[in-house]
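K.L.:
Handing over structure.tsv, TSV, C-alpha atoms and all ligand atoms.
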chain	number	residue	atom	x	y	z
A	176	MET	CA	59.80	20.30	158.31
A	177	LYS	CA	63.31	19.65	157.12
A	178	ILE	CA	64.86	21.36	154.12
A	179	ALA	CA	68.08	20.34	152.38
A	180	VAL	CA	69.77	23.53	151.20
A	181	LEU	CA	72.03	22.83	148.21
A	182	PRO	CA	73.50	26.13	146.94
A	183	GLY	CA	75.79	24.67	144.24
A	184	ASP	CA	77.99	26.76	141.96
A	185	GLY	CA	78.31	30.21	140.40
A	186	ILE	CA	75.55	32.51	141.61
A	187	GLY	CA	73.91	29.55	143.44
A	188	PRO	CA	75.27	30.41	146.93
A	189	GLU	CA	74.40	34.12	146.53
A	190	ILE	CA	70.77	33.61	145.51
A	191	VAL	CA	70.11	30.72	147.90
A	192	ALA	CA	71.36	32.86	150.82
A	193	GLU	CA	68.63	35.40	150.02
A	194	ALA	CA	65.93	32.72	149.83
A	195	VAL	CA	67.07	31.29	153.18
A	196	LYS	CA	66.86	34.79	154.70
A	197	VAL	CA	63.29	35.08	153.44
A	198	LEU	CA	62.32	31.64	154.80
A	199	GLU	CA	63.84	32.44	158.20
A	200	VAL	CA	61.87	35.64	158.65
A	201	LEU	CA	58.59	33.71	158.27
A	202	GLY	CA	59.21	32.12	161.68
A	203	LEU	CA	57.90	28.69	160.66
A	204	GLY	CA	60.57	26.78	162.60
A	205	LEU	CA	61.98	25.20	159.46
A	206	GLU	CA	65.03	23.00	159.95
A	207	MET	CA	67.53	23.86	157.21
A	208	GLU	CA	70.75	21.97	156.58
A	209	SER	CA	73.25	22.78	153.81
A	210	ALA	CA	75.40	20.44	151.74
A	211	PRO	CA	77.66	20.85	148.70
A	212	VAL	CA	76.40	19.86	145.24
A	213	GLY	CA	77.65	20.17	141.67
A	214	GLY	CA	81.12	21.56	141.03
A	215	ALA	CA	81.43	22.63	144.67
A	216	ALA	CA	80.85	19.03	145.74
A	217	TYR	CA	83.31	17.75	143.14
A	218	GLU	CA	85.96	20.07	144.62
A	219	ALA	CA	85.11	19.06	148.20
A	220	ALA	CA	84.39	15.35	147.82
A	221	GLY	CA	85.34	14.30	144.29
A	222	HIS	CA	81.72	13.76	143.13
A	223	PRO	CA	78.93	16.19	142.08
A	224	LEU	CA	76.39	14.34	144.24
A	225	PRO	CA	78.28	12.90	147.23
A	226	GLU	CA	76.61	10.18	149.29
A	227	ALA	CA	76.17	12.54	152.27
A	228	THR	CA	74.36	15.12	150.12
A	229	LEU	CA	72.08	12.46	148.64
A	230	LYS	CA	71.34	11.12	152.13
A	231	LEU	CA	70.40	14.59	153.35
A	232	ALA	CA	68.15	15.07	150.30
A	233	ARG	CA	66.42	11.74	150.87
A	234	GLU	CA	65.77	12.53	154.53
A	235	SER	CA	64.36	16.01	153.85
A	236	ASP	CA	60.81	17.06	152.99
A	237	ALA	CA	62.14	19.37	150.32
A	238	ILE	CA	65.34	20.50	148.61
A	239	LEU	CA	66.13	24.14	147.97
A	240	PHE	CA	68.58	24.08	145.09
A	241	GLY	CA	70.61	26.97	143.67
A	242	ALA	CA	72.30	26.04	140.39
A	243	VAL	CA	75.22	23.94	139.25
A	244	GLY	CA	77.79	24.13	136.51
A	245	ASP	CA	80.79	26.06	135.31
A	246	TRP	CA	82.67	25.98	132.06
A	247	LYS	CA	85.79	24.84	133.91
A	248	TYR	CA	84.17	21.42	134.48
A	249	ASP	CA	83.38	20.86	130.79
A	250	THR	CA	86.42	18.64	130.33
A	251	LEU	CA	85.53	16.24	133.18
A	252	ASP	CA	84.16	12.78	132.37
A	253	ARG	CA	80.37	13.06	131.99
A	254	PRO	CA	79.49	11.23	135.27
A	255	LEU	CA	81.59	13.74	137.22
A	256	ARG	CA	80.15	16.89	135.66
A	257	PRO	CA	78.10	19.17	137.94
A	258	GLU	CA	74.85	18.74	135.93
A	259	GLN	CA	74.84	15.03	136.83
A	260	ALA	CA	73.85	16.05	140.36
A	261	ILE	CA	70.41	17.20	139.19
A	262	LEU	CA	69.87	14.07	137.12
A	263	GLY	CA	71.01	11.96	140.08
A	264	LEU	CA	68.60	13.68	142.48
A	265	ARG	CA	65.69	13.36	140.01
A	266	LYS	CA	66.37	9.67	139.61
A	267	ALA	CA	67.05	8.87	143.28
A	268	LEU	CA	63.94	10.65	144.51
A	269	GLY	CA	61.66	9.78	141.57
A	270	LEU	CA	60.93	13.44	140.80
A	271	PHE	CA	58.60	12.88	137.84
A	272	ALA	CA	56.49	16.05	137.82
A	273	ASN	CA	58.15	19.30	136.82
A	274	PHE	CA	56.18	22.50	137.48
A	275	ARG	CA	57.25	25.59	135.56
A	276	PRO	CA	54.96	28.58	136.07
A	277	ALA	CA	55.29	31.45	133.60
A	278	ILE	CA	53.97	34.57	135.24
A	279	CYS	CA	54.33	38.02	133.74
A	280	TYR	CA	54.41	40.60	136.50
A	281	GLU	CA	52.61	43.83	135.69
A	282	GLN	CA	55.73	45.91	136.32
A	283	LEU	CA	57.86	43.79	133.99
A	284	VAL	CA	55.53	43.65	130.99
A	285	GLY	CA	58.00	45.75	128.99
A	286	ALA	CA	60.72	43.09	129.39
A	287	SER	CA	58.81	40.60	127.23
A	288	SER	CA	59.52	40.42	123.53
A	289	LEU	CA	55.77	40.12	122.90
A	290	LYS	CA	53.32	43.04	122.80
A	291	PRO	CA	52.29	44.11	126.33
A	292	GLU	CA	48.61	43.31	125.71
A	293	LEU	CA	49.50	39.69	124.91
A	294	VAL	CA	51.44	39.08	128.14
A	295	ALA	CA	50.01	41.49	130.74
A	296	GLY	CA	48.53	39.31	133.48
A	297	LEU	CA	49.93	36.10	132.00
A	298	ASP	CA	49.82	33.25	134.53
A	299	ILE	CA	50.25	29.78	133.07
A	300	LEU	CA	51.68	26.58	134.48
A	301	ILE	CA	53.56	24.03	132.42
A	302	ILE	CA	53.69	20.54	133.89
A	303	ARG	CA	56.35	18.44	132.22
A	304	GLU	CA	56.79	14.71	132.78
A	305	LEU	CA	60.40	14.44	133.84
A	306	THR	CA	61.54	10.83	134.08
A	307	GLY	CA	60.28	9.10	130.91
A	308	ASP	CA	59.89	9.64	127.16
A	309	ILE	CA	62.60	9.56	124.52
A	310	TYR	CA	65.14	11.00	126.99
A	311	PHE	CA	65.22	7.75	128.96
A	312	GLY	CA	63.76	5.10	126.62
A	313	GLN	CA	65.88	2.05	125.81
A	314	PRO	CA	67.34	0.87	123.50
A	315	ARG	CA	69.31	3.78	122.16
A	316	GLY	CA	72.64	4.07	120.48
A	317	ARG	CA	74.48	3.81	117.17
A	318	ARG	CA	74.46	0.89	114.76
A	319	THR	CA	74.52	-0.07	111.12
A	320	ALA	CA	71.21	0.61	109.39
A	321	GLU	CA	69.35	-2.48	108.20
A	322	ASP	CA	66.65	-0.57	106.34
A	323	GLY	CA	65.64	3.04	105.67
A	324	PRO	CA	66.93	5.07	102.74
A	325	PHE	CA	70.61	4.11	103.30
A	326	PRO	CA	70.93	0.44	104.42
A	327	GLY	CA	74.44	-0.41	105.60
A	328	SER	CA	75.25	3.14	106.70
A	329	GLU	CA	75.92	4.25	110.29
A	330	GLU	CA	72.79	5.48	112.11
A	331	ALA	CA	71.74	6.66	115.58
A	332	PHE	CA	68.41	5.97	117.30
A	333	ASP	CA	66.46	6.62	120.51
A	334	THR	CA	63.28	5.05	121.87
A	335	MET	CA	60.18	7.10	122.69
A	336	ARG	CA	58.00	5.32	125.24
A	337	TYR	CA	55.48	5.91	128.01
A	338	SER	CA	53.74	3.34	130.19
A	339	ARG	CA	50.12	3.77	131.31
A	340	PRO	CA	50.99	4.46	135.01
A	341	GLU	CA	53.51	7.14	134.00
A	342	ILE	CA	50.87	8.98	131.98
A	343	GLU	CA	48.13	8.47	134.56
A	344	ARG	CA	50.14	9.95	137.42
A	345	ILE	CA	51.27	13.07	135.53
A	346	ALA	CA	47.71	13.58	134.22
A	347	ARG	CA	46.39	13.45	137.79
A	348	VAL	CA	49.01	15.97	138.90
A	349	ALA	CA	47.85	18.31	136.12
A	350	PHE	CA	44.13	17.95	136.86
A	351	GLU	CA	44.71	18.47	140.59
A	352	ALA	CA	46.80	21.58	139.87
A	353	ALA	CA	44.14	22.95	137.50
A	354	ARG	CA	41.50	22.49	140.22
A	355	LYS	CA	43.38	25.04	142.30
A	356	ARG	CA	43.62	27.45	139.33
A	357	ASN	CA	41.32	28.17	136.39
A	358	LYS	CA	40.24	24.54	135.89
A	359	LYS	CA	41.56	24.06	132.39
A	360	VAL	CA	44.17	21.55	131.19
A	361	THR	CA	45.71	21.51	127.73
A	362	SER	CA	47.34	18.16	127.04
A	363	VAL	CA	50.02	18.59	124.39
A	364	ASP	CA	50.84	15.62	122.16
A	365	LYS	CA	51.76	14.58	118.63
A	366	ALA	CA	49.04	11.95	118.36
A	367	ASN	CA	48.68	12.50	114.62
A	368	VAL	CA	52.14	11.03	114.02
A	369	LEU	CA	53.42	9.21	117.12
A	370	GLU	CA	51.97	6.02	118.62
A	371	THR	CA	53.37	6.98	122.05
A	372	PHE	CA	51.41	10.22	122.01
A	373	GLN	CA	48.18	8.67	120.70
A	374	PHE	CA	48.45	6.46	123.80
A	375	TRP	CA	49.21	9.55	125.90
A	376	LYS	CA	46.08	11.26	124.58
A	377	ASP	CA	43.89	8.18	125.20
A	378	VAL	CA	45.12	7.75	128.79
A	379	VAL	CA	44.77	11.47	129.63
A	380	THR	CA	41.20	11.33	128.28
A	381	GLU	CA	40.43	8.34	130.51
A	382	VAL	CA	41.90	9.98	133.63
A	383	HIS	CA	39.88	13.10	132.87
A	384	LYS	CA	36.68	11.16	133.71
A	385	ASP	CA	37.66	11.54	137.38
A	386	TYR	CA	37.88	15.32	137.00
A	387	PRO	CA	34.62	16.43	135.36
A	388	ASP	CA	34.97	19.89	136.91
A	389	VAL	CA	38.17	20.52	134.89
A	390	GLN	CA	38.04	21.36	131.18
A	391	LEU	CA	40.39	19.26	129.02
A	392	GLU	CA	41.61	20.18	125.55
A	393	HIS	CA	44.14	18.33	123.39
A	394	MET	CA	46.62	20.19	121.22
A	395	TYR	CA	49.38	19.07	118.87
A	396	VAL	CA	52.80	20.28	119.97
A	397	ASP	CA	53.43	22.30	116.81
A	398	ASN	CA	50.18	24.18	117.32
A	399	ALA	CA	50.96	24.64	121.05
A	400	ALA	CA	54.30	26.26	120.13
A	401	MET	CA	52.40	28.70	117.90
A	402	GLN	CA	49.61	29.41	120.37
A	403	LEU	CA	52.14	30.18	123.13
A	404	VAL	CA	53.32	33.21	121.21
A	405	LYS	CA	49.97	34.05	119.58
A	406	ALA	CA	47.60	33.94	122.56
A	407	PRO	CA	49.47	32.67	125.64
A	408	LYS	CA	46.79	33.83	128.06
A	409	ALA	CA	44.36	31.27	126.59
A	410	PHE	CA	46.26	28.55	128.51
A	411	ASP	CA	45.91	27.68	132.18
A	412	VAL	CA	47.73	24.36	132.82
A	413	ILE	CA	49.68	22.65	130.05
A	414	VAL	CA	50.65	19.01	130.60
A	415	THR	CA	53.02	17.21	128.29
A	416	GLY	CA	55.84	14.70	127.96
A	417	ASN	CA	59.49	15.15	128.76
A	418	MET	CA	60.79	16.35	125.39
A	419	PHE	CA	57.87	18.58	124.37
A	420	GLY	CA	57.82	19.98	127.91
A	421	ASP	CA	61.53	20.75	127.79
A	422	ILE	CA	61.04	22.90	124.71
A	423	LEU	CA	57.68	24.49	125.49
A	424	SER	CA	58.62	25.44	129.06
A	425	ASP	CA	61.65	27.37	127.81
A	426	GLU	CA	59.51	29.06	125.17
A	427	ALA	CA	56.92	29.99	127.79
A	428	SER	CA	59.54	31.29	130.21
A	429	MET	CA	60.76	33.77	127.62
A	430	LEU	CA	57.26	35.26	127.32
A	431	THR	CA	57.87	36.82	130.70
A	432	GLY	CA	61.09	38.45	129.52
A	433	SER	CA	63.37	37.56	132.40
A	434	ILE	CA	64.96	34.28	133.36
A	435	GLY	CA	65.86	35.74	136.75
A	436	MET	CA	62.19	35.69	137.79
A	437	LEU	CA	61.20	32.10	137.06
A	438	PRO	CA	60.91	29.43	139.74
A	439	SER	CA	60.45	25.70	139.25
A	440	ALA	CA	59.56	22.59	141.21
A	441	SER	CA	60.10	18.88	140.58
A	442	LEU	CA	57.92	16.60	142.69
A	443	ASN	CA	57.56	12.90	143.39
A	444	ASP	CA	54.42	11.03	144.44
A	445	ARG	CA	55.13	11.73	148.11
A	446	LYS	CA	55.10	15.48	147.45
A	447	GLN	CA	58.80	15.61	148.23
A	448	GLY	CA	60.31	18.12	145.86
A	449	LEU	CA	63.35	19.85	144.46
A	450	TYR	CA	62.88	23.60	144.10
A	451	GLU	CA	65.20	25.66	141.95
A	452	PRO	CA	65.29	28.73	139.75
A	453	SER	CA	64.81	27.97	136.04
A	454	HIS	CA	68.15	29.58	135.19
A	455	GLY	CA	71.67	28.18	135.51
A	456	SER	CA	74.69	29.15	137.59
A	457	ALA	CA	75.47	32.27	135.51
A	458	PRO	CA	79.27	32.07	135.91
A	459	ASP	CA	79.57	35.37	134.01
A	460	ILE	CA	78.11	37.33	136.93
A	461	ALA	CA	79.00	35.06	139.88
A	462	GLY	CA	80.54	36.84	142.86
A	463	LYS	CA	79.54	40.29	141.62
A	464	GLY	CA	76.47	40.62	143.83
A	465	VAL	CA	74.20	41.47	140.90
A	466	ALA	CA	72.27	38.20	140.36
A	467	ASN	CA	68.52	38.37	140.65
A	468	PRO	CA	67.48	36.27	143.68
A	469	LEU	CA	63.73	36.45	142.97
A	470	ALA	CA	63.45	33.18	141.00
A	471	THR	CA	65.01	31.36	143.96
A	472	ILE	CA	62.84	33.22	146.47
A	473	LEU	CA	59.76	32.32	144.40
A	474	SER	CA	60.99	28.70	144.27
A	475	ALA	CA	61.04	28.76	148.08
A	476	ALA	CA	57.41	29.93	147.96
A	477	MET	CA	56.54	26.97	145.73
A	478	MET	CA	58.30	24.71	148.22
A	479	LEU	CA	56.14	25.99	151.05
A	480	ARG	CA	52.99	25.48	148.97
A	481	PHE	CA	53.66	22.08	147.40
A	482	SER	CA	55.88	20.17	149.86
A	483	LEU	CA	55.34	21.80	153.23
A	484	GLY	CA	51.61	22.56	153.23
A	485	GLN	CA	52.20	26.25	153.99
A	486	ALA	CA	50.14	27.90	151.26
A	487	GLU	CA	49.55	31.04	153.27
A	488	ALA	CA	53.27	31.62	153.79
A	489	ALA	CA	53.79	31.03	150.04
A	490	ASP	CA	51.15	33.67	149.25
A	491	ARG	CA	52.94	36.08	151.57
A	492	ILE	CA	56.27	35.63	149.79
A	493	GLU	CA	54.68	36.11	146.37
A	494	ALA	CA	52.90	39.25	147.57
A	495	ALA	CA	56.21	40.55	148.99
A	496	VAL	CA	57.92	40.01	145.62
A	497	LYS	CA	55.15	41.96	143.89
A	498	ALA	CA	55.52	44.70	146.50
A	499	VAL	CA	59.26	45.15	145.90
A	500	LEU	CA	58.67	45.30	142.14
A	501	ALA	CA	55.97	47.92	142.78
A	502	GLN	CA	58.53	49.90	144.80
A	503	GLY	CA	60.58	50.07	141.59
A	504	LEU	CA	63.49	47.95	142.82
A	505	ARG	CA	65.26	46.01	140.05
A	506	THR	CA	68.39	43.90	139.73
A	507	PRO	CA	70.32	44.73	136.52
A	508	ASP	CA	68.70	41.91	134.50
A	509	ILE	CA	65.23	43.48	134.87
A	510	TRP	CA	66.27	47.11	135.22
A	511	SER	CA	64.74	49.75	132.93
A	512	GLU	CA	64.79	53.56	132.79
A	513	GLY	CA	62.99	55.11	135.76
A	514	THR	CA	63.50	52.19	138.17
A	515	THR	CA	66.06	51.74	140.97
A	516	LYS	CA	68.97	49.38	140.37
A	517	VAL	CA	69.79	47.14	143.35
A	518	GLY	CA	72.09	44.19	144.03
A	519	THR	CA	71.33	40.63	145.12
A	520	GLN	CA	71.44	41.31	148.86
A	521	GLN	CA	69.46	44.54	148.65
A	522	MET	CA	66.75	42.74	146.71
A	523	GLY	CA	66.63	39.97	149.33
A	524	ASP	CA	66.52	42.56	152.13
A	525	ALA	CA	63.65	44.36	150.38
A	526	VAL	CA	61.61	41.14	150.23
A	527	VAL	CA	62.35	40.51	153.92
A	528	ASN	CA	61.23	44.06	154.77
A	529	ALA	CA	58.05	43.68	152.72
A	530	LEU	CA	57.29	40.48	154.66
A	531	ARG	CA	57.79	42.21	157.96
B	1	LIG	P1	72.50	30.61	132.70
B	1	LIG	O1	71.03	30.49	132.97
B	1	LIG	O2	73.40	30.32	133.83
B	1	LIG	O3	72.81	32.07	132.16
B	1	LIG	C1	72.25	32.62	130.96
B	1	LIG	C2	72.31	34.15	131.04
B	1	LIG	O4	71.33	34.59	131.98
B	1	LIG	C3	73.66	34.69	131.53
B	1	LIG	O5	73.94	35.90	130.86
B	1	LIG	C4	73.43	34.97	133.00
B	1	LIG	O6	74.23	36.01	133.50
B	1	LIG	C5	71.94	35.34	133.01
B	1	LIG	N1	71.29	34.97	134.28
B	1	LIG	C6	70.96	33.72	134.69
B	1	LIG	N2	70.42	33.76	135.91
B	1	LIG	C7	70.40	35.05	136.29
B	1	LIG	C8	69.96	35.73	137.47
B	1	LIG	N3	69.43	35.10	138.52
B	1	LIG	N4	70.11	37.07	137.52
B	1	LIG	C9	70.64	37.74	136.49
B	1	LIG	N5	71.06	37.17	135.35
B	1	LIG	C10	70.95	35.83	135.24
B	1	LIG	O7	72.80	29.63	131.47
B	1	LIG	P2	74.18	29.29	130.75
B	1	LIG	O8	75.05	30.51	130.72
B	1	LIG	O9	73.82	28.64	129.51
B	1	LIG	O10	74.83	28.21	131.70
B	1	LIG	C11	75.78	28.51	132.70
B	1	LIG	C12	76.08	27.26	133.52
B	1	LIG	O11	74.88	26.86	134.20
B	1	LIG	C13	76.49	26.05	132.69
B	1	LIG	O12	77.51	25.36	133.36
B	1	LIG	C14	75.23	25.23	132.61
B	1	LIG	O13	75.49	23.87	132.43
B	1	LIG	C15	74.61	25.50	133.93
B	1	LIG	N6	73.15	25.31	134.02
B	1	LIG	C16	72.69	24.79	135.18
B	1	LIG	C17	71.32	24.64	135.36
B	1	LIG	C18	70.84	24.12	136.71
B	1	LIG	O14	71.58	24.13	137.67
B	1	LIG	N7	69.60	23.69	136.81
B	1	LIG	C19	70.43	25.02	134.35
B	1	LIG	C20	70.93	25.60	133.18
B	1	LIG	C21	72.31	25.75	133.02
Can you turn what I pasted into C-alpha cells?

P.N.:
Amino acid sequence: MKIAVLPGDGIGPEIVAEAVKVLEVLGLGLEMESAPVGGAAYEAAGHPLPEATLKLARESDAILFGAVGDWKYDTLDRPLRPEQAILGLRKALGLFANFRPAICYEQLVGASSLKPELVAGLDILIIRELTGDIYFGQPRGRRTAEDGPFPGSEEAFDTMRYSRPEIERIARVAFEAARKRNKKVTSVDKANVLETFQFWKDVVTEVHKDYPDVQLEHMYVDNAAMQLVKAPKAFDVIVTGNMFGDILSDEASMLTGSIGMLPSASLNDRKQGLYEPSHGSAPDIAGKGVANPLATILSAAMMLRFSLGQAEAADRIEAAVKAVLAQGLRTPDIWSEGTTKVGTQQMGDAVVNALR
C-alpha cells in the first residue's frame, strides 16, 4: 500500500506531519513517499504540480494532501498558481466523486451556529460530482449577444451538461455509500427549471432500481439549502452535481462549527483517492504550531477506509479522535471555556497515545 504524501503550503506540512505520525503508529507497513506540491513545488521546481509529483501520485494507491496556496502567489499567471495542483490531480487521476462528511462531535456541539438539539449527533455525507457540470462544460466565454433582452451587447456564458455515464457512476457511488450507512439517498437537483437536472433525476431514478434496499428521495437545491439548516439530521447521504455540491457541502460543513475538523476524499473508479482537509492552507497561522490537525488525521482515516481496505484501522483513528475530544483537549479554533488548549503537535501526540 503506497501513499503519496503531499504536504503543500502554509499549515499543510504541520498538519500532514501529525497525520503521518498517526498512520505510522498503526503498524500497517504503509509505504509513504513525500513530494512538493502547490507553492512549495513552484519554489522548488517552477510548477505547482511537477511531473515527478504527478508520477508519484499516479503510482500510489492514495494521496494524503495537506493544503496549497498563499496570497504571495496571487500575482502569478493562473496555470502557475498553487490551486492548479489540485485541479491537475483531479483531472489526471479522474477523481470524480467527492466525499464530504459533516459530523458534529458531541463535545463540539456548542461551536455550531445552530441550536444544539438540531446538530447534536449530526452525521451526514455529501457526495459531489467533481469533474462535470457547468464548471467544465464547453463552450464558455464572452461574446456579443444575438438575442436576449439586450441584443448586440457584450455577454458571458457557460454550459451546464452531464452525460448519462457521469450521472450513473456518481449515483452508484452514493447508493453504495448509503448501503454502509442509514440507507437513504437524497438526490439534489433543479429539475423544475434545468434540462440537465431533469436528466440527472431520471438517470438517478433508473440506477436506483439496482438498489431497492436504499431509500431515494429527490429534492430541489433551494429546498435542500433550507432543509440543511432547518433539519439537517433528516439527511443521510446527499448526492448532487458539481456546482450545487460545491455550495451545499460548504453550508453543511459550517453546521459542525469548525473547519479544522472536516475531512474530505476525492475518488476515481479504481478507488484511488486524494484525501485532504476541507480547509485551506491558513497562511495567517502557518508556522505558529496552533493549526488543528484533526481534519487531516480524519482524512487519513477516510483514506484507510476507502482506498486501502483498512476499515478497522479507520474506525480506530476516529475513536481516538473522539477520545482526545472527550479528554477536553482543544486547538485554539475549537477551544472553549473549561477545556485545555493544545498546539498542533500536542493534539497529534494525544491521538497517537489514544491509539496506543
Ligand atoms: P483557509 O481555510 O485557509 O482559512 C480560513 C480560516 O480558517 C483562517 O482564519 C484560518 O486560520 C482558519 N483555519 C483553516 N484551517 C484551520 C485549521 N486546521 N486549524 C485552525 N484554523 C484553521 O481559507 P482562506 O484563508 O480563504 O485561504 C487561504 C489559502 O488557502 C488561499 O491561498 C486559498 O487559495 C487556499 N485554499 C486552499 C485549499 C486547498 O488546498 N484545498 C482550499 C481552500 C483554500

K.L.:
Can you write out as CSV which residues of chain A fall within 6 Å of ligand LIG 1 (chain B), alongside each residue's closest atom pair and its distance in Å to one decimal, counting only C-alpha atoms and all ligand atoms and ordering rows by chain and ascending residue number?

P.N.:
residue,atom,partner,partner_atom,distance
A:Ala242,CA,B:LIG1,O14,3.4
A:Val243,CA,B:LIG1,O14,4.0
A:Gly244,CA,B:LIG1,O12,3.4
A:Asp245,CA,B:LIG1,O12,3.9
A:Trp246,CA,B:LIG1,O12,5.4
A:Gly435,CA,B:LIG1,N3,4.0
A:His454,CA,B:LIG1,O1,3.7
A:Gly455,CA,B:LIG1,O2,3.2
A:Ser456,CA,B:LIG1,O11,4.1
A:Ala457,CA,B:LIG1,O2,3.3
A:Pro458,CA,B:LIG1,C11,5.9
A:Asp459,CA,B:LIG1,O6,5.4
A:Ile460,CA,B:LIG1,O6,5.3
A:Ala466,CA,B:LIG1,N4,3.7
A:Asn467,CA,B:LIG1,N4,3.7
A:Pro468,CA,B:LIG1,N3,5.6
A:Asp508,CA,B:LIG1,C9,5.0

K.L.:
Of the candidates A:Ala232, A:Val191, A:Ile238, A:Ala286, which shows the shortest atom-to-atom distance to Glu512 of chain A, using only C-alpha atoms?

P.N.:
A:Ala286

K.L.:
Tell me which residues come within 6 Å of (60.3, 44.6, 149.6), as a count of residues only, counting all atoms listed in the file in the file's coordinates.

P.N.:
7

K.L.:
Which value, in Å to one decimal, gives the distance between atom CA of Asp524 of chain A and atom CA of Val496 of chain A?

P.N.:
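Computed distance, atom CA of Asp524 of chain A to atom CA of Val496 of chain A, equals 11.1 Å.
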
K.L.:
For atom CA of Ala267 of chain A and atom CA of Arg445 of chain A, determine how far apart the two atoms are, in Å to one decimal place.

P.N.:
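Going from atom CA of Ala267 of chain A over to atom CA of Arg445 of chain A, I get 13.2 Å.
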
K.L.:
For each of A:Gly327, A:Pro182, A:Gly523, A:Pro223, take the minimum atom-to-atom distance to Leu473 of chain A, counting only C-alpha atoms, then give the residue where this is smallest.

P.N.:
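Of A:Gly327, A:Pro182, A:Gly523, A:Pro223, the one nearest Leu473 of chain A is A:Gly523, counting only C-alpha atoms.
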
K.L.:
Considering only C-alpha atoms, state which residue in the set A:Leu297, A:Glu343, A:Glu193, A:Glu451 is at the smallest distance from Lys384 of chain A.

P.N.:
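Distance minimum relative to Lys384 of chain A lands on A:Glu343.
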
K.L.:
Could you tell me how far atom CA of Pro326 of chain A lies from atom CA of Phe311 of chain A, in Å and to one decimal?

P.N.:
26.2 Å

K.L.:
Considering all atoms listed in the file, state which residue in the set A:Leu293, A:Val368, A:Ala475, A:Leu504 is at the smallest distance from Asp490 of chain A.

P.N.:
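Selected residue with least distance to Asp490 of chain A: A:Ala475.
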
K.L.:
I'd like the contact shell of Ser441 of chain A - 12 Å cut-off, all atoms listed in the file, skipping same-chain residues fewer than 5 positions apart - returned as a PyMOL selection string.

P.N.:
chain A and resi 237-240+261-262+264-266+268-276+301-306+345+348+446-453+474+477-478+481-482

K.L.:
Kindly indicate which residue among A:Trp510, A:Ala489, A:Leu483, A:His383 lies nearest to Val465 of chain A, using only C-alpha atoms for the distances.

P.N.:
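Looking only at the distances to Val465 of chain A, the closest residue turns out to be A:Trp510.
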
K.L.:
Do you know which residues lie at most 9 Å from (74.0, 16.4, 140.7), with coordinates as in the file and all atoms listed in the file counted, and could you write them as a list in words?

P.N.:
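Nearby residues: Val212, Gly213, Gly214, Ala216, His222, Pro223, Leu224, Pro225, Val243, Leu255, Arg256, Pro257, Glu258, Gln259, Ala260, Ile261, Leu262, Gly263, Leu264 and Arg265 of chain A.
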
K.L.:
With only C-alpha atoms as the atoms that count, which of A:Ile190, A:Asp364, A:Val382, A:Phe374 lies nearest to Asp397 of chain A?

P.N.:
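Of A:Ile190, A:Asp364, A:Val382, A:Phe374, the one nearest Asp397 of chain A, counting only C-alpha atoms, is A:Asp364.
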
K.L.:
Would you kindly return, as an MDAnalysis selection string, each protein, DNA or RNA residue with an atom no farther than 12 Å from any atom of Leu369 of chain A, considering only C-alpha atoms and excluding same-chain residues fewer than 5 positions away?

P.N.:
chainID A and resid 308:309 334:337 364 374:376 395:396

K.L.:
Any idea what's packed within 9 Å of Asp411 of chain A, counting all atoms listed in the file, ignoring anything in its chain fewer than 6 positions away? Could you give it as a ChimeraX atom specification?

P.N.:
/A:298-301,353,356-361

K.L.:
Selection from above, C-alpha atoms, as a PDB file, keeping the file's coordinate frame, can you write it?

P.N.:
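File produced: result-v2.pdb:
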ATOM      1  CA  ASP A 298      49.820  33.250 134.530  1.00  0.00           C
ATOM      2  CA  ILE A 299      50.250  29.780 133.070  1.00  0.00           C
ATOM      3  CA  LEU A 300      51.680  26.580 134.480  1.00  0.00           C
ATOM      4  CA  ILE A 301      53.560  24.030 132.420  1.00  0.00           C
ATOM      5  CA  ALA A 353      44.140  22.950 137.500  1.00  0.00           C
ATOM      6  CA  ARG A 356      43.620  27.450 139.330  1.00  0.00           C
ATOM      7  CA  ASN A 357      41.320  28.170 136.390  1.00  0.00           C
ATOM      8  CA  LYS A 358      40.240  24.540 135.890  1.00  0.00           C
ATOM      9  CA  LYS A 359      41.560  24.060 132.390  1.00  0.00           C
ATOM     10  CA  VAL A 360      44.170  21.550 131.190  1.00  0.00           C
ATOM     11  CA  THR A 361      45.710  21.510 127.730  1.00  0.00           C
TER      12      THR A 361
END
